[in-house]
file my_file.txt (compact mmCIF, C-alpha atoms and all ligand atoms)
# COMPACT_ATOMS: atom_id res chain seq x y z
CA MET A 1 -8.17 34.52 9.95
CA TRP A 2 -10.04 31.34 10.83
CA ARG A 3 -8.30 28.32 9.49
CA TRP A 4 -9.88 24.89 9.40
CA ARG A 5 -7.59 22.49 11.17
CA PRO A 6 -8.97 19.42 12.90
CA THR A 7 -6.84 18.19 15.78
CA VAL A 8 -7.34 14.64 14.57
CA LEU A 9 -5.17 15.36 11.52
CA SER A 10 -2.35 16.98 13.45
CA TYR A 11 0.22 14.62 14.90
CA ASN A 12 2.97 15.57 17.28
CA VAL A 13 6.04 13.65 16.18
CA ALA A 14 8.55 14.99 18.75
CA ASP A 15 8.89 11.56 20.39
CA LEU A 16 9.30 9.94 17.00
CA LEU A 17 12.03 12.43 16.04
CA ARG A 18 13.95 11.45 19.19
CA ALA A 19 13.63 7.75 18.37
CA ALA A 20 15.98 5.72 16.20
CA PRO A 21 15.42 5.57 12.43
CA GLY A 22 12.85 2.89 11.65
CA ALA A 23 10.69 3.64 14.69
CA GLN A 24 6.98 3.74 13.84
CA GLN A 25 3.67 5.01 15.08
CA ARG A 26 0.35 3.76 13.72
CA PHE A 27 -2.98 5.53 13.74
CA GLN A 28 -6.50 4.65 12.75
CA LEU A 29 -8.12 7.44 10.79
CA GLU A 30 -11.85 8.14 10.70
CA LEU A 31 -12.69 11.57 9.39
CA PRO A 32 -16.30 12.52 8.62
CA GLU A 33 -15.53 15.83 6.88
CA LEU A 34 -12.70 17.43 4.96
CA PRO A 35 -13.21 20.53 2.81
CA LEU A 36 -11.82 19.63 -0.61
CA SER A 37 -12.59 22.20 -3.27
CA ASP A 38 -15.57 24.24 -4.40
CA ASP A 39 -16.93 21.59 -6.75
CA LEU A 40 -15.93 18.42 -4.90
CA ARG A 41 -17.73 16.89 -1.91
CA LEU A 42 -17.24 13.81 0.20
CA ALA A 43 -20.01 11.23 0.06
CA ALA A 44 -18.49 9.03 2.80
CA PRO A 45 -16.07 9.48 5.71
CA ILE A 46 -12.35 9.18 5.07
CA ALA A 47 -11.19 6.00 6.78
CA GLY A 48 -8.00 4.00 6.90
CA GLN A 49 -4.55 3.61 8.39
CA LEU A 50 -1.77 6.12 8.89
CA ARG A 51 1.79 5.08 9.64
CA LEU A 52 4.50 7.55 10.68
CA ILE A 53 8.05 6.27 10.31
CA ARG A 54 11.22 7.92 11.54
CA THR A 55 13.81 8.10 8.78
CA GLY A 56 17.34 9.40 9.09
CA ARG A 57 16.36 12.98 8.37
CA SER A 58 12.57 13.15 8.43
CA VAL A 59 9.25 11.54 9.20
CA LEU A 60 7.71 9.47 6.45
CA ALA A 61 3.90 9.43 6.43
CA GLN A 62 2.25 6.49 4.73
CA ALA A 63 -1.53 6.27 4.55
CA GLU A 64 -4.03 4.02 2.86
CA LEU A 65 -7.44 5.65 2.91
CA SER A 66 -10.87 5.02 1.46
CA THR A 67 -13.71 7.44 0.92
CA ALA A 68 -16.27 8.35 -1.74
CA LEU A 69 -16.93 11.46 -3.78
CA GLU A 70 -20.17 13.01 -4.96
CA GLY A 71 -20.23 13.44 -8.71
CA ALA A 72 -22.38 13.39 -11.81
CA CYS A 73 -22.58 10.74 -14.54
CA SER A 74 -20.60 12.04 -17.51
CA ARG A 75 -23.26 10.72 -19.94
CA CYS A 76 -26.64 11.41 -18.30
CA LEU A 77 -25.63 13.88 -15.51
CA ARG A 78 -27.39 11.91 -12.75
CA PRO A 79 -25.79 12.19 -9.28
CA VAL A 80 -23.27 9.41 -8.70
CA VAL A 81 -21.32 8.32 -5.64
CA ALA A 82 -17.78 7.29 -6.61
CA PRO A 83 -15.79 5.20 -4.10
CA ILE A 84 -12.07 5.97 -4.17
CA ASP A 85 -8.95 4.60 -2.50
CA VAL A 86 -5.86 6.73 -2.05
CA THR A 87 -2.32 5.85 -1.05
CA ILE A 88 -0.21 8.63 0.41
CA GLU A 89 3.52 8.61 0.91
CA GLU A 90 4.88 11.96 2.04
CA GLU A 91 8.13 12.85 3.68
CA ALA A 92 7.82 15.65 6.24
CA LEU A 93 11.01 17.50 7.11
CA PRO A 94 11.63 19.24 10.44
CA LEU A 95 11.38 23.01 10.72
CA VAL A 96 13.24 23.03 14.02
CA ASP A 97 16.04 20.67 15.00
CA ILE A 98 14.73 18.29 17.68
CA ASP A 99 18.00 18.26 19.65
CA SER A 100 19.26 21.82 19.41
CA GLY A 101 15.89 23.60 19.07
CA LEU A 102 17.41 25.75 16.32
CA PRO A 103 15.62 26.51 13.03
CA VAL A 104 16.55 24.25 10.14
CA ASP A 105 17.72 25.83 6.89
CA VAL A 106 14.76 25.24 4.56
CA SER A 107 16.10 27.12 1.52
CA GLY A 108 17.42 23.94 -0.12
CA GLU A 109 13.93 22.35 -0.24
CA PRO A 110 11.41 25.21 -0.06
CA ASP A 111 8.51 23.08 -1.38
CA ALA A 112 8.96 20.13 0.95
CA LEU A 113 6.23 19.24 3.43
CA ARG A 114 7.34 20.60 6.80
CA LEU A 115 6.55 19.89 10.41
CA ASP A 116 5.71 23.05 12.30
CA ALA A 117 7.91 24.66 14.94
CA HIS A 118 6.33 22.40 17.60
CA HIS A 119 7.04 19.22 15.59
CA GLU A 120 3.40 18.88 14.59
CA LEU A 121 2.65 17.09 11.33
CA ASP A 122 -0.53 18.37 9.65
CA MET A 123 -1.87 15.66 7.35
CA ALA A 124 -4.88 17.69 6.12
CA THR A 125 -3.13 19.06 3.02
CA PRO A 126 -1.54 15.78 1.83
CA ILE A 127 -4.85 13.95 2.32
CA ARG A 128 -6.85 16.67 0.56
CA GLU A 129 -4.46 16.73 -2.41
CA ALA A 130 -4.48 12.94 -2.77
CA ILE A 131 -8.30 12.83 -2.79
CA VAL A 132 -8.64 15.68 -5.29
CA LEU A 133 -6.15 13.90 -7.60
CA ALA A 134 -8.12 10.65 -7.31
CA GLU A 135 -11.33 12.21 -8.63
CA PRO A 136 -12.50 9.98 -11.50
CA ILE A 137 -12.62 11.81 -14.84
CA ASN A 138 -15.35 9.83 -16.57
CA LEU A 139 -17.86 8.91 -13.90
CA LEU A 140 -20.73 6.69 -15.02
CA CYS A 141 -23.96 5.91 -13.16
CA ARG A 142 -23.60 2.39 -14.59
CA PRO A 143 -21.20 0.93 -17.19
CA ASP A 144 -23.84 0.78 -19.91
CA CYS A 145 -25.46 4.17 -19.27
CA ALA A 146 -27.22 5.15 -22.50
CA GLY A 147 -26.74 8.86 -21.88
CA LEU A 148 -28.83 11.68 -23.27
CA CYS A 149 -30.22 11.96 -26.80
CA GLN A 150 -27.86 14.18 -28.76
CA VAL A 151 -30.72 15.68 -30.72
CA CYS A 152 -33.31 16.51 -28.05
CA GLY A 153 -31.54 15.79 -24.73
CA ILE A 154 -34.06 13.23 -23.44
CA ASP A 155 -32.66 10.61 -20.99
CA LEU A 156 -32.22 7.49 -23.10
CA ASN A 157 -32.09 5.26 -20.00
CA GLU A 158 -35.77 6.01 -19.44
CA ASN A 159 -36.74 6.10 -23.11
CA GLU A 160 -35.58 2.89 -24.67
CA GLY A 161 -35.94 2.79 -28.43
CA HIS A 162 -36.13 6.58 -28.65
CA SER A 163 -34.94 7.80 -32.02
CA HIS A 164 -35.42 10.54 -34.55
CA ALA A 165 -36.40 9.87 -38.15
CA ASP A 166 -33.58 12.07 -39.37
CA GLN A 167 -30.81 12.65 -36.84
CA ASP A 168 -29.63 15.77 -38.66
CA VAL A 169 -32.93 17.59 -38.45
CA ASP A 170 -33.63 19.87 -35.54
CA PRO A 171 -36.84 18.57 -33.90
CA ARG A 172 -38.50 21.97 -34.36
CA LEU A 173 -37.75 21.84 -38.08
CA ALA A 174 -38.84 18.18 -38.21
CA ALA A 175 -42.24 19.21 -36.89
CA LEU A 176 -42.48 21.76 -39.69
CA ALA A 177 -41.45 19.22 -42.32
CA ASP A 178 -44.32 16.94 -41.26
CA TRP A 179 -46.81 19.77 -41.44
CA GLN A 180 -48.77 19.98 -44.65
CA PRO A 181 -51.32 22.54 -45.55
CA ALA A 182 -54.84 21.17 -45.25
CA ALA A 183 -56.01 19.96 -48.63
CA ASP A 184 -58.61 22.10 -50.27
CA ASN A 185 -61.64 19.85 -49.97
CA SER A 186 -64.12 22.38 -51.15
CA ASP A 187 -66.13 21.14 -54.05
ZN ZN B 201 -25.64 7.91 -16.61
ZN ZN B 202 -34.17 12.70 -28.98
call {"tool": "encode", "arguments": {"input": "my_file.txt", "output": "C-alpha cells", "more": "lines below"}}
Ligand SMILES: [Zn+2]
Ligand SMILES: [Zn+2]
result
Amino acid sequence: MWRWRPTVLSYNVADLLRAAPGAQQRFQLELPELPLSDDLRLAAPIAGQLRLIRTGRSVLAQAELSTALEGACSRCLRPVVAPIDVTIEEEALPLVDIDSGLPVDVSGEPDALRLDAHHELDMATPIREAIVLAEPINLLCRPDCAGLCQVCGIDLNENEGHSHADQDVDPRLAALADWQPAADNSD
C-alpha cells in the first residue's frame, strides 16, 4: 500500500540517541503540502522551527509552526483563509535500544509516539494532529460579518438595510398576503 511519507518530515535521531541528555538538533521546516483530512485543506505552507532534544529515555520534539487553513465563514459561508500557529511538544520513545540493538518492551506505553526500528522520527502525524486540533470553530470573513438573512437567505453584507415586514411570515406567504383581488370596477 502506498503511504504518503515525505523525507523532509522523517528525522534520523541515532546520533542524538548516542549523545548525552540535553543534546539538541535544530531544523528549519518548510512544507508546502500535508494531507490533513477530507474536509480540511492548507491555504499556506507549514513553516517554522523544529527542535529535537535528547532526554534521559527519549527524544523530545518541540516545534513552533505557522500555516493557514481554508475554511468558510460560519455566518455567510464565504471562503475564508484562517492563519493558525501550532506548538508541538511530543516525546518519542525508542523502538530499538541504541546500544544493544534489541527491541524495547513497548507494552507499558502502547500509545506513545515511537521512533522506528532505524531510529527515524516521523513528525508527519504529530504535525497533522496539531493542525487539525487548531482548526478554528467559528471562522468569520470579518468580525462584523452580517451573515445571511434568516428568512430568505440573502447575503446581508451585500444588502444593507434588507428586512422583511413581518419576520415570521414566509416570503411566499407574504406575497400572497399582499395580493388583493382586483376591485370590480365595472359600472
Ligand atoms: Zn461572513
Ligand atoms: Zn430576507
call {"tool": "closest_residue", "arguments": {"input": "my_file.txt", "among": "A:Leu9, A:Ala63, A:Leu69, A:Cys145", "to": "Ser37 (chain A)", "atoms": "only C-alpha atoms"}}
result
A:Leu69
call {"tool": "residues_near_ligand", "arguments": {"input": "my_file.txt", "ligand": "ligand ZN 202 (chain B)", "cutoff": "7 Å", "atoms": "only C-alpha atoms and all ligand atoms", "output": "number ranges by chain"}}
result
A: 149-154, 162-164
call {"tool": "atom_distance", "arguments": {"input": "my_file.txt", "atom1": "CA of Val106 (chain A)", "atom2": "CA of Asp122 (chain A)"}}
result
17.5 Å
call {"tool": "residues_near_ligand", "arguments": {"input": "my_file.txt", "ligand": "ligand ZN 201 (chain B)", "cutoff": "7 Å", "atoms": "only C-alpha atoms and all ligand atoms", "output": "PyMOL selection string"}}
result
chain A and resi 73-78+140-142+145-147
call {"tool": "write_last_selection", "arguments": {"input": "my_file.txt", "atoms": "C-alpha atoms", "output": "PDB file, in the coordinates of the input"}}
result
ATOM      1  CA  CYS A  73     -22.580  10.740 -14.540  1.00  0.00           C
ATOM      2  CA  SER A  74     -20.600  12.040 -17.510  1.00  0.00           C
ATOM      3  CA  ARG A  75     -23.260  10.720 -19.940  1.00  0.00           C
ATOM      4  CA  CYS A  76     -26.640  11.410 -18.300  1.00  0.00           C
ATOM      5  CA  LEU A  77     -25.630  13.880 -15.510  1.00  0.00           C
ATOM      6  CA  ARG A  78     -27.390  11.910 -12.750  1.00  0.00           C
ATOM      7  CA  LEU A 140     -20.730   6.690 -15.020  1.00  0.00           C
ATOM      8  CA  CYS A 141     -23.960   5.910 -13.160  1.00  0.00           C
ATOM      9  CA  ARG A 142     -23.600   2.390 -14.590  1.00  0.00           C
ATOM     10  CA  CYS A 145     -25.460   4.170 -19.270  1.00  0.00           C
ATOM     11  CA  ALA A 146     -27.220   5.150 -22.500  1.00  0.00           C
ATOM     12  CA  GLY A 147     -26.740   8.860 -21.880  1.00  0.00           C
TER      13      GLY A 147
END
call {"tool": "closest_residue", "arguments": {"input": "my_file.txt", "among": "A:Leu17, A:Ile88, A:Leu34, A:Leu29", "to": "Gln49 (chain A)", "atoms": "only C-alpha atoms"}}
result
A:Leu29
call {"tool": "atom_distance", "arguments": {"input": "my_file.txt", "atom1": "CA of Val132 (chain A)", "atom2": "CA of Ala92 (chain A)"}}
result
20.1 Å
call {"tool": "atom_distance", "arguments": {"input": "my_file.txt", "atom1": "CA of Val59 (chain A)", "atom2": "CA of Ala44 (chain A)"}}
result
28.6 Å
call {"tool": "closest_residue", "arguments": {"input": "my_file.txt", "among": "A:Gln28, A:Thr67, A:Ser107, A:Thr87", "to": "Leu50 (chain A)", "atoms": "only C-alpha atoms"}}
result
A:Gln28
call {"tool": "build_atoms", "arguments": {"input": "my_file.txt", "residues": "region 90-101 of chain A", "atoms": "all heavy atoms", "output": "PDB file, keeping the file's coordinate frame"}}
result
ATOM      1  N   GLU A  90       4.342  10.591   1.984  1.00  0.00           N
ATOM      2  CA  GLU A  90       4.880  11.960   2.040  1.00  0.00           C
ATOM      3  C   GLU A  90       5.961  12.028   3.097  1.00  0.00           C
ATOM      4  O   GLU A  90       5.774  11.576   4.223  1.00  0.00           O
ATOM      5  CB  GLU A  90       3.762  12.937   2.431  1.00  0.00           C
ATOM      6  CG  GLU A  90       2.816  13.275   1.307  1.00  0.00           C
ATOM      7  CD  GLU A  90       3.237  14.509   0.525  1.00  0.00           C
ATOM      8  OE1 GLU A  90       4.313  15.068   0.813  1.00  0.00           O
ATOM      9  OE2 GLU A  90       2.478  14.907  -0.364  1.00  0.00           O
ATOM     10  N   GLU A  91       7.052  12.638   2.721  1.00  0.00           N
ATOM     11  CA  GLU A  91       8.130  12.850   3.680  1.00  0.00           C
ATOM     12  C   GLU A  91       7.971  14.252   4.265  1.00  0.00           C
ATOM     13  O   GLU A  91       7.849  15.223   3.522  1.00  0.00           O
ATOM     14  CB  GLU A  91       9.466  12.729   2.945  1.00  0.00           C
ATOM     15  CG  GLU A  91      10.643  12.711   3.872  1.00  0.00           C
ATOM     16  CD  GLU A  91      11.964  12.623   3.115  1.00  0.00           C
ATOM     17  OE1 GLU A  91      12.026  13.022   1.932  1.00  0.00           O
ATOM     18  OE2 GLU A  91      12.943  12.159   3.725  1.00  0.00           O
ATOM     19  N   ALA A  92       7.950  14.347   5.589  1.00  0.00           N
ATOM     20  CA  ALA A  92       7.820  15.650   6.240  1.00  0.00           C
ATOM     21  C   ALA A  92       9.132  15.974   6.943  1.00  0.00           C
ATOM     22  O   ALA A  92       9.590  15.238   7.816  1.00  0.00           O
ATOM     23  CB  ALA A  92       6.675  15.641   7.241  1.00  0.00           C
ATOM     24  N   LEU A  93       9.707  17.103   6.556  1.00  0.00           N
ATOM     25  CA  LEU A  93      11.010  17.500   7.110  1.00  0.00           C
ATOM     26  C   LEU A  93      10.813  18.416   8.316  1.00  0.00           C
ATOM     27  O   LEU A  93       9.848  19.169   8.383  1.00  0.00           O
ATOM     28  CB  LEU A  93      11.822  18.226   6.034  1.00  0.00           C
ATOM     29  CG  LEU A  93      12.147  17.400   4.788  1.00  0.00           C
ATOM     30  CD1 LEU A  93      12.798  18.272   3.722  1.00  0.00           C
ATOM     31  CD2 LEU A  93      13.055  16.238   5.144  1.00  0.00           C
ATOM     32  N   PRO A  94      11.738  18.366   9.260  1.00  0.00           N
ATOM     33  CA  PRO A  94      11.630  19.240  10.440  1.00  0.00           C
ATOM     34  C   PRO A  94      11.807  20.712  10.066  1.00  0.00           C
ATOM     35  O   PRO A  94      12.466  21.043   9.080  1.00  0.00           O
ATOM     36  CB  PRO A  94      12.788  18.786  11.341  1.00  0.00           C
ATOM     37  CG  PRO A  94      13.259  17.480  10.783  1.00  0.00           C
ATOM     38  CD  PRO A  94      12.909  17.482   9.326  1.00  0.00           C
ATOM     39  N   LEU A  95      11.182  21.566  10.853  1.00  0.00           N
ATOM     40  CA  LEU A  95      11.380  23.010  10.720  1.00  0.00           C
ATOM     41  C   LEU A  95      12.378  23.475  11.794  1.00  0.00           C
ATOM     42  O   LEU A  95      13.086  24.457  11.623  1.00  0.00           O
ATOM     43  CB  LEU A  95      10.030  23.716  10.927  1.00  0.00           C
ATOM     44  CG  LEU A  95       9.896  25.171  10.505  1.00  0.00           C
ATOM     45  CD1 LEU A  95      10.168  25.340   9.018  1.00  0.00           C
ATOM     46  CD2 LEU A  95       8.498  25.690  10.838  1.00  0.00           C
ATOM     47  N   VAL A  96      12.371  22.720  12.892  1.00  0.00           N
ATOM     48  CA  VAL A  96      13.240  23.030  14.020  1.00  0.00           C
ATOM     49  C   VAL A  96      13.983  21.747  14.400  1.00  0.00           C
ATOM     50  O   VAL A  96      13.371  20.675  14.459  1.00  0.00           O
ATOM     51  CB  VAL A  96      12.409  23.537  15.225  1.00  0.00           C
ATOM     52  CG1 VAL A  96      13.255  23.618  16.487  1.00  0.00           C
ATOM     53  CG2 VAL A  96      11.778  24.885  14.902  1.00  0.00           C
ATOM     54  N   ASP A  97      15.255  21.844  14.623  1.00  0.00           N
ATOM     55  CA  ASP A  97      16.040  20.670  15.000  1.00  0.00           C
ATOM     56  C   ASP A  97      15.584  20.151  16.368  1.00  0.00           C
ATOM     57  O   ASP A  97      15.494  20.923  17.332  1.00  0.00           O
ATOM     58  CB  ASP A  97      17.525  21.028  15.030  1.00  0.00           C
ATOM     59  CG  ASP A  97      18.389  19.805  15.279  1.00  0.00           C
ATOM     60  OD1 ASP A  97      18.573  19.427  16.463  1.00  0.00           O
ATOM     61  OD2 ASP A  97      18.861  19.217  14.284  1.00  0.00           O
ATOM     62  N   ILE A  98      15.306  18.850  16.460  1.00  0.00           N
ATOM     63  CA  ILE A  98      14.730  18.290  17.680  1.00  0.00           C
ATOM     64  C   ILE A  98      15.716  18.341  18.850  1.00  0.00           C
ATOM     65  O   ILE A  98      15.315  18.483  20.008  1.00  0.00           O
ATOM     66  CB  ILE A  98      14.231  16.844  17.443  1.00  0.00           C
ATOM     67  CG1 ILE A  98      13.426  16.310  18.628  1.00  0.00           C
ATOM     68  CG2 ILE A  98      15.386  15.899  17.121  1.00  0.00           C
ATOM     69  CD1 ILE A  98      12.072  16.937  18.794  1.00  0.00           C
ATOM     70  N   ASP A  99      17.001  18.272  18.573  1.00  0.00           N
ATOM     71  CA  ASP A  99      18.000  18.260  19.650  1.00  0.00           C
ATOM     72  C   ASP A  99      18.412  19.657  20.072  1.00  0.00           C
ATOM     73  O   ASP A  99      18.419  19.989  21.252  1.00  0.00           O
ATOM     74  CB  ASP A  99      19.233  17.463  19.211  1.00  0.00           C
ATOM     75  CG  ASP A  99      18.884  16.006  18.952  1.00  0.00           C
ATOM     76  OD1 ASP A  99      18.082  15.449  19.733  1.00  0.00           O
ATOM     77  OD2 ASP A  99      19.386  15.434  17.962  1.00  0.00           O
ATOM     78  N   SER A 100      18.730  20.497  19.079  1.00  0.00           N
ATOM     79  CA  SER A 100      19.260  21.820  19.410  1.00  0.00           C
ATOM     80  C   SER A 100      18.153  22.861  19.598  1.00  0.00           C
ATOM     81  O   SER A 100      18.367  23.887  20.245  1.00  0.00           O
ATOM     82  CB  SER A 100      20.206  22.293  18.290  1.00  0.00           C
ATOM     83  OG  SER A 100      19.463  22.538  17.102  1.00  0.00           O
ATOM     84  N   GLY A 101      16.964  22.612  19.014  1.00  0.00           N
ATOM     85  CA  GLY A 101      15.890  23.600  19.070  1.00  0.00           C
ATOM     86  C   GLY A 101      16.095  24.756  18.113  1.00  0.00           C
ATOM     87  O   GLY A 101      15.333  25.728  18.136  1.00  0.00           O
TER      88      GLY A 101
END
